[in-house]
Every structure is written in structure tokens, then in C-alpha cells.
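What follows is the content of work.cif (mmCIF, C-alpha atoms).
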data_upload
#
loop_
_atom_site.label_atom_id
_atom_site.label_comp_id
_atom_site.auth_asym_id
_atom_site.auth_seq_id
_atom_site.Cartn_x
_atom_site.Cartn_y
_atom_site.Cartn_z
CA MET A 1 164.72 92.12 81.16
CA LYS A 2 163.50 93.76 84.33
CA LYS A 3 160.72 95.49 82.38
CA LEU A 4 159.59 92.17 80.85
CA SER A 5 159.55 90.43 84.20
CA ALA A 6 157.58 93.30 85.72
CA ARG A 7 154.91 93.02 83.05
CA ARG A 8 154.62 89.24 83.34
CA ARG A 9 151.14 88.33 84.71
CA HIS A 10 150.55 86.17 87.73
CA PRO A 11 149.71 82.53 86.81
CA LEU A 12 146.30 82.82 88.48
CA ALA A 13 145.38 86.08 86.77
CA ALA A 14 143.58 84.35 83.87
CA LEU A 15 141.53 82.28 86.32
CA VAL A 16 140.53 85.37 88.27
CA VAL A 17 139.48 87.15 85.08
CA LEU A 18 137.41 84.13 84.05
CA LEU A 19 135.67 83.99 87.42
CA PHE A 20 134.86 87.70 87.25
CA ALA A 21 133.45 87.24 83.74
CA LEU A 22 131.23 84.34 84.84
CA ALA A 23 130.04 86.27 87.88
CA ALA A 24 129.26 89.30 85.75
CA THR A 25 127.35 87.19 83.24
CA GLY A 26 125.36 85.45 85.97
CA GLY A 27 124.70 88.72 87.72
CA LEU A 28 123.54 90.28 84.49
CA TYR A 29 121.12 87.42 83.88
CA ALA A 30 119.87 87.52 87.46
CA ALA A 31 119.37 91.24 87.18
CA LEU A 32 117.60 91.23 83.84
CA ALA A 33 115.73 87.96 83.32
CA PRO A 34 113.81 87.76 86.62
CA ALA A 35 113.13 91.46 86.47
CA GLY A 36 111.52 91.00 83.06
CA GLU A 37 109.38 88.15 84.37
CA ALA A 38 108.45 90.17 87.45
CA GLN A 39 107.51 93.12 85.29
CA ALA A 40 105.29 90.86 83.15
CA ASP A 41 103.58 89.46 86.24
CA ALA A 42 103.14 92.93 87.67
CA SER A 43 101.66 94.12 84.38
CA GLU A 44 99.15 91.25 84.29
CA THR A 45 98.19 91.88 87.91
CA SER A 46 97.78 95.58 87.22
CA ILE A 47 95.49 94.88 84.27
CA ALA A 48 93.41 92.45 86.34
CA VAL A 49 93.08 95.03 89.11
CA GLU A 50 91.98 97.74 86.68
CA GLU A 51 89.41 95.47 85.02
CA GLY A 52 88.21 94.30 88.41
CA LYS A 53 87.74 97.87 89.56
CA LYS A 54 85.53 98.56 86.55
CA LEU A 55 83.36 95.54 87.36
CA TYR A 56 83.28 96.55 91.01
CA LEU A 57 82.11 100.08 90.35
CA VAL A 58 79.24 98.79 88.24
CA GLY A 59 78.07 95.84 90.33
CA CYS A 60 79.32 96.29 93.90
CA ALA A 61 80.02 99.93 94.76
CA THR A 62 76.37 100.77 95.46
CA CYS A 63 76.43 98.68 98.63
CA HIS A 64 80.13 98.45 99.49
CA GLY A 65 81.25 101.97 98.62
CA SER A 66 83.32 103.32 95.76
CA GLU A 67 86.58 102.28 97.45
CA GLY A 68 85.34 99.18 99.26
CA GLN A 69 85.04 101.11 102.51
CA GLY A 70 81.52 99.83 103.18
CA THR A 71 78.18 101.59 103.62
CA SER A 72 75.02 101.11 105.64
CA ASP A 73 73.94 98.57 103.03
CA GLY A 74 77.14 96.49 102.91
CA PRO A 75 80.27 95.81 104.96
CA SER A 76 83.77 97.01 104.20
CA LEU A 77 85.74 94.80 101.83
CA VAL A 78 89.16 96.09 102.83
CA GLY A 79 91.21 93.12 103.97
CA VAL A 80 88.65 90.38 103.23
CA GLY A 81 91.00 88.90 100.63
CA ALA A 82 90.56 87.24 97.26
CA ALA A 83 89.22 84.01 98.78
CA ALA A 84 86.14 85.76 100.17
CA VAL A 85 85.40 87.31 96.78
CA ASP A 86 85.83 83.99 95.00
CA PHE A 87 83.43 82.28 97.42
CA GLN A 88 80.73 84.93 97.44
CA VAL A 89 80.73 85.73 93.73
CA SER A 90 81.38 82.24 92.32
CA THR A 91 78.47 80.80 94.34
CA GLY A 92 76.16 83.58 93.16
CA ARG A 93 75.63 84.97 96.65
CA MET A 94 76.98 88.28 95.43
CA PRO A 95 75.92 90.59 93.99
CA LEU A 96 72.90 90.48 96.27
CA GLN A 97 69.58 91.04 94.50
CA GLN A 98 67.94 92.66 97.51
CA PRO A 99 68.77 93.15 101.20
CA GLY A 100 67.83 90.25 103.43
CA PRO A 101 68.94 88.29 106.48
CA GLN A 102 71.18 86.08 104.35
CA ALA A 103 72.40 85.83 100.77
CA PRO A 104 71.32 82.53 99.18
CA ASP A 105 73.45 80.67 96.67
CA LYS A 106 72.30 80.97 93.07
CA PRO A 107 73.78 80.81 89.56
CA ALA A 108 76.84 83.02 89.25
CA VAL A 109 76.47 86.35 87.47
CA TYR A 110 80.14 86.75 86.50
CA THR A 111 82.43 84.48 84.50
CA GLU A 112 85.51 82.86 86.04
CA ASP A 113 87.79 85.50 84.50
CA GLN A 114 85.60 88.30 85.84
CA VAL A 115 85.57 86.73 89.30
CA ALA A 116 89.38 86.57 89.21
CA GLN A 117 89.52 90.25 88.24
CA LEU A 118 87.16 91.25 91.03
CA ALA A 119 89.21 89.19 93.47
CA ALA A 120 92.42 90.89 92.28
CA TYR A 121 90.93 94.33 92.84
CA ILE A 122 89.61 93.54 96.33
CA ALA A 123 92.94 91.94 97.23
CA SER A 124 94.66 95.19 96.25
CA LEU A 125 92.66 97.08 98.89
CA GLY A 126 94.29 95.23 101.77
CA PRO A 127 95.92 91.91 102.68
CA GLY A 128 93.64 88.93 103.18
CA PRO A 129 93.29 85.19 102.48
CA ALA A 130 94.25 84.21 98.94
CA ILE A 131 92.28 81.82 96.73
CA PRO A 132 93.37 78.27 97.64
CA THR A 133 94.99 75.94 95.14
CA GLU A 134 93.68 72.50 94.20
CA GLU A 135 96.25 70.89 96.49
CA ASP A 136 94.81 72.85 99.43
CA TYR A 137 91.32 71.33 99.18
CA ASP A 138 91.97 67.94 97.57
CA PRO A 139 89.73 65.42 99.42
CA ALA A 140 92.20 62.63 98.68
CA ALA A 141 94.78 64.41 100.86
CA GLY A 142 92.53 64.37 103.95
CA ASP A 143 91.56 61.81 106.58
CA PRO A 144 87.75 61.32 106.69
CA ALA A 145 87.82 59.83 110.20
CA VAL A 146 89.65 62.84 111.62
CA GLY A 147 87.47 65.17 109.53
CA GLY A 148 84.30 63.64 110.97
CA GLU A 149 85.48 64.36 114.51
CA LEU A 150 86.43 67.93 113.59
CA PHE A 151 83.10 68.49 111.83
CA ARG A 152 81.03 67.23 114.77
CA LEU A 153 83.07 69.38 117.14
CA ASN A 154 83.11 72.63 115.15
CA CYS A 155 80.35 72.53 112.54
CA SER A 156 77.48 70.24 113.53
CA GLN A 157 75.89 72.82 115.85
CA CYS A 158 74.78 74.77 112.79
CA HIS A 159 75.11 72.49 109.77
CA ASN A 160 73.65 69.41 111.51
CA PHE A 161 75.74 66.35 112.28
CA THR A 162 75.08 65.03 108.77
CA GLY A 163 75.82 68.35 107.03
CA GLN A 164 72.21 68.83 105.91
CA GLY A 165 72.07 72.39 107.25
CA GLY A 166 69.78 73.97 109.79
CA ALA A 167 67.93 77.07 110.91
CA LEU A 168 69.62 79.90 112.81
CA THR A 169 68.25 83.07 114.40
CA ASN A 170 66.65 86.08 112.72
CA GLY A 171 65.91 84.33 109.45
CA LYS A 172 69.45 83.09 108.91
CA TYR A 173 70.38 79.48 108.24
CA ALA A 174 73.34 77.17 107.82
CA PRO A 175 73.22 75.87 104.23
CA ASP A 176 73.15 72.25 103.18
CA LEU A 177 76.66 71.00 102.40
CA SER A 178 75.64 68.19 100.06
CA ASP A 179 77.71 68.14 96.86
CA VAL A 180 79.33 71.52 97.60
CA ASP A 181 82.54 72.12 95.66
CA PRO A 182 85.53 71.43 97.97
CA ARG A 183 87.02 74.78 97.01
CA PHE A 184 84.04 76.62 98.40
CA VAL A 185 84.07 74.54 101.60
CA TYR A 186 87.73 75.46 102.11
CA GLU A 187 87.09 79.14 101.39
CA ALA A 188 84.10 79.21 103.73
CA MET A 189 86.19 77.81 106.58
CA LEU A 190 88.97 80.25 105.76
CA THR A 191 86.88 83.43 105.49
CA GLY A 192 83.74 82.83 107.58
CA PRO A 193 81.00 84.11 105.25
CA GLN A 194 77.88 85.75 106.69
CA ALA A 195 76.79 84.07 109.96
CA MET A 196 79.60 81.50 109.87
CA PRO A 197 82.68 82.07 112.06
CA ALA A 198 86.07 82.04 110.37
CA PHE A 199 88.48 79.19 110.99
CA PRO A 200 91.92 80.58 110.13
CA ASP A 201 94.95 78.32 109.96
CA SER A 202 95.70 79.09 113.60
CA VAL A 203 92.39 77.43 114.57
CA LEU A 204 92.01 74.76 111.88
CA THR A 205 95.24 73.97 110.08
CA PRO A 206 95.22 73.44 106.30
CA GLN A 207 95.41 69.70 106.95
CA ASN A 208 92.42 69.94 109.31
CA LYS A 209 90.46 71.67 106.58
CA ARG A 210 91.37 68.92 104.12
CA ASP A 211 90.23 66.34 106.67
CA VAL A 212 86.81 67.99 106.98
CA ILE A 213 86.50 68.16 103.20
CA ALA A 214 87.47 64.49 102.93
CA TRP A 215 84.73 63.56 105.41
CA LEU A 216 82.09 65.55 103.56
CA ASP A 217 83.22 63.99 100.29
CA ALA A 218 82.89 60.52 101.82
CA VAL A 219 79.48 60.82 103.46
CA ASN A 220 77.66 63.86 102.10
CA THR A 221 77.63 63.58 98.31
CA SER A 222 75.07 62.11 95.96
CA GLU A 223 77.41 59.14 95.36
CA ALA A 224 78.02 58.45 99.06
CA PRO A 225 76.52 55.18 100.39
CA ASN A 226 73.64 55.38 102.89
CA PRO A 227 73.52 52.09 104.82
CA GLY A 228 70.96 53.51 107.27
CA GLY A 229 68.18 53.53 104.70
CA PHE A 230 65.60 56.33 104.59
CA GLN A 231 67.20 59.17 106.54
CA LEU A 232 64.18 61.49 106.79
CA GLY A 233 66.24 64.40 105.50
CA GLY A 234 68.99 63.78 108.04
CA TYR A 235 67.61 66.44 110.35
CA GLY A 236 67.68 64.29 113.48
CA PRO A 237 64.94 64.19 116.16
CA VAL A 238 62.80 66.91 114.58
CA SER A 239 62.01 65.03 111.39
CA GLU A 240 61.95 61.70 113.22
CA GLY A 241 59.47 63.03 115.80
CA LEU A 242 57.29 64.53 113.08
CA PHE A 243 57.27 61.22 111.25
CA ALA A 244 56.39 59.35 114.44
CA TRP A 245 53.50 61.66 115.33
CA THR A 246 52.09 62.00 111.82
CA PHE A 247 52.32 58.42 110.69
CA GLY A 248 52.85 56.42 113.88
CA ILE A 249 50.13 58.01 116.01
CA GLY A 250 47.89 58.30 112.95
CA ALA A 251 48.28 54.58 112.31
CA LEU A 252 47.42 53.78 115.94
CA ILE A 253 44.28 55.94 115.79
CA ALA A 254 43.22 54.30 112.55
CA ALA A 255 43.78 50.87 114.09
CA ALA A 256 41.74 51.81 117.16
CA VAL A 257 38.84 53.03 115.01
CA TRP A 258 38.94 49.85 112.93
CA ILE A 259 38.94 47.65 116.01
CA GLY A 260 36.06 49.59 117.51
CA ALA A 261 34.04 49.26 114.31
CA HIS A 262 34.51 45.49 114.22
CA THR A 263 33.62 44.52 117.81
CA ALA A 264 30.57 42.36 118.56
CA LYS A 265 28.70 45.28 120.11
CA ALA A 266 29.28 47.41 117.02
CA ARG A 267 27.97 44.64 114.75
CA LYS A 268 24.76 44.23 116.81
CA SER A 269 23.97 47.92 116.66
#
So, in terms of C-alpha cells, how does the structure I just supplied come out?
Amino acid sequence: MKKLSARRRHPLAALVVLLFALAATGGLYAALAPAGEAQADASETSIAVEEGKKLYLVGCATCHGSEGQGTSDGPSLVGVGAAAVDFQVSTGRMPLQQPGPQAPDKPAVYTEDQVAQLAAYIASLGPGPAIPTEEDYDPAAGDPAVGGELFRLNCSQCHNFTGQGGALTNGKYAPDLSDVDPRFVYEAMLTGPQAMPAFPDSVLTPQNKRDVIAWLDAVNTSEAPNPGGFQLGGYGPVSEGLFAWTFGIGALIAAAVWIGAHTAKARKS
């Protein structure tokens, strides 16, 4: 009887065994399932990086170096991030056809998949800004009134207060922002391409960037209303002064000549 009582299990023993079994099962799933997903993601990323490196060596290494370290013909790409690649390559600014003061936008050379592969490779060289998501640059999520104030404070000195662009020094220029894809506006603020300064999140928060995009979407697209009528290109006093001198003063001179030709003295002669 003593032996039987010694072997009798504690009433809670079954519950403890069950809890251990559940914990082991959950731990096994946590150890295996996410690891498999992570391995798949890592494999896809690795493939994208390898394909991007091939594209880079063919189309970019001549100017930026075989490892992105930069040369006398192009800056280093280490740490610029995927967002900079997406902006420059998707807008056709890169690859650059020939050296110049500024790379103009033109039709893109690479497909979207190729741009993503190039961006993955450059991102692997060093940490930098990632490509924003649609939620990051959705104009509907911004406040146009706040964006207008931010734009006039930070951007109008170069892009003009209407976003029509303007000339800079040494052959450079601030491009026209009419009908520019919001993604590229966000990436430009984030990375500061070419002559433009960067506006990281510590300077302009993501919400600030959305506000600026919302303002541009409201006033600087082909569908935006223009209650002011003929805007003379929106360049401000330069175009207005040229119009006044060319047409205004010209009209006054023409009127003076007509009046002089129709006076009584002119008719007698």
C-alpha cells in the first residue's frame, strides 16, 4: 500500500504536463514558422540585391564606382538609401546621359522592377531613407493651408511661390512642380536631390511633408482652379514686368504715334 501511495501522481500533474505541451507546441511554431517566413524574405531580398548589382555595374558604375564609392564623375552612393535611387531613376534623371550642371527629368530607362532592384542594392551599401509608402504621401492626409505656409517658408525661394520653378546659380534650376507625382515630391524632400537641401523628419515631419503635398495637389495641378485668370507663367514680377514693358509701353507708343498722325497740323502738311 505504501508503494502504491508513493507512485500516486499529484492532482495538478496532468495540468502541468498539458501546459508544458502547449508551451512546447507554441514555441516550436514560433521557432519554425516565422523563421521560414524570414528566410523567404531574406532570400527575395538577396535576389533583388544581386540583380540590382548587375544592373548597377552596367549602367551606374562608370560614374559612381564599382562599389558605389563615388568617382570624380559622380558622388558616393553609400548611405543615400533606396528613396534617393527611386527618385533619381524613376524620374529618368539617372543614368545621366552626359555631365552637366543638373540632371533633367526625362522618360525612365529602367522598369519598376529594375528600379526596385537597383534600390535594394544601393540600400545594401549603407543605411538610408527607405522608399515611402502610399500612406506617407497621400495628399488627402495633409492640410493644404498648413502646407502652403510651409511651402512659402521653405521652398518658394527656389521653386517660386506658385511652384513654377526658377533659375539658380551656375546653370542649375529648381524644377516646375506642376503635376509631379506625390511620391517623388516626398522623396525629394526626404533626400534632397542635386541642388535641393534635404528635409529629414527632424526638420519637416512626415505630416509636414503630407501638408506640402496636399497644397501642391490643391493649387499646382492641371485640374486646380485658377481664379486669378491669366497668370503669365506664375513667375511673379519678372514676367509681369516684361509684359508691362513689351505690351503696355508698346501700346502707349503706338497710341502716341496715332495721335500725332491725326492732329490738325499733321493733316495740313
Between A:Ala218, A:Phe161, A:Pro193, A:Asn208, which has the minimum distance to Asp179 (chain A) (counting all atoms listed in the file)?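 Nearest candidate to Asp179 (chain A) out of A:Ala218, A:Phe161, A:Pro193, A:Asn208: A:Ala218.
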Ranking A:Val219, A:Val203, A:Ala255, A:Val80 by minimum distance to Gln164 (chain A) and counting only C-alpha atoms, which one comes first?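 Between A:Val219, A:Val203, A:Ala255, A:Val80, the residue approaching Gln164 (chain A) most closely is A:Val219.
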From the list A:Val85, A:Ala195, A:Leu177, A:Leu118, which residue is nearest Gln102 (chain A) when using only C-alpha atoms?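 Of A:Val85, A:Ala195, A:Leu177, A:Leu118, the one nearest Gln102 (chain A), counting only C-alpha atoms, is A:Ala195.
When all atoms listed in the file are used to compute distances to Ala103 (chain A), the closest of the residues A:Ser90, A:Asn170, A:Gln194, A:Thr162 turns out to be A:Gln194.
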Close residues, Pro99 (chain A) itself excluded, 12 Å, all atoms listed in the file, min 4 positions apart in chain, as an mmCIF file with C-alpha atoms, in the coordinates of the input:
data_model
loop_
_atom_site.group_PDB
_atom_site.id
_atom_site.type_symbol
_atom_site.label_atom_id
_atom_site.label_comp_id
_atom_site.auth_asym_id
_atom_site.auth_seq_id
_atom_site.Cartn_x
_atom_site.Cartn_y
_atom_site.Cartn_z
ATOM 1 C CA CYS A 63 76.430 98.680 98.630
ATOM 2 C CA SER A 72 75.020 101.110 105.640
ATOM 3 C CA ASP A 73 73.940 98.570 103.030
ATOM 4 C CA GLY A 74 77.140 96.490 102.910
ATOM 5 C CA ARG A 93 75.630 84.970 96.650
ATOM 6 C CA MET A 94 76.980 88.280 95.430
ATOM 7 C CA PRO A 95 75.920 90.590 93.990
ATOM 8 C CA ALA A 103 72.400 85.830 100.770
ATOM 9 C CA PRO A 104 71.320 82.530 99.180
#
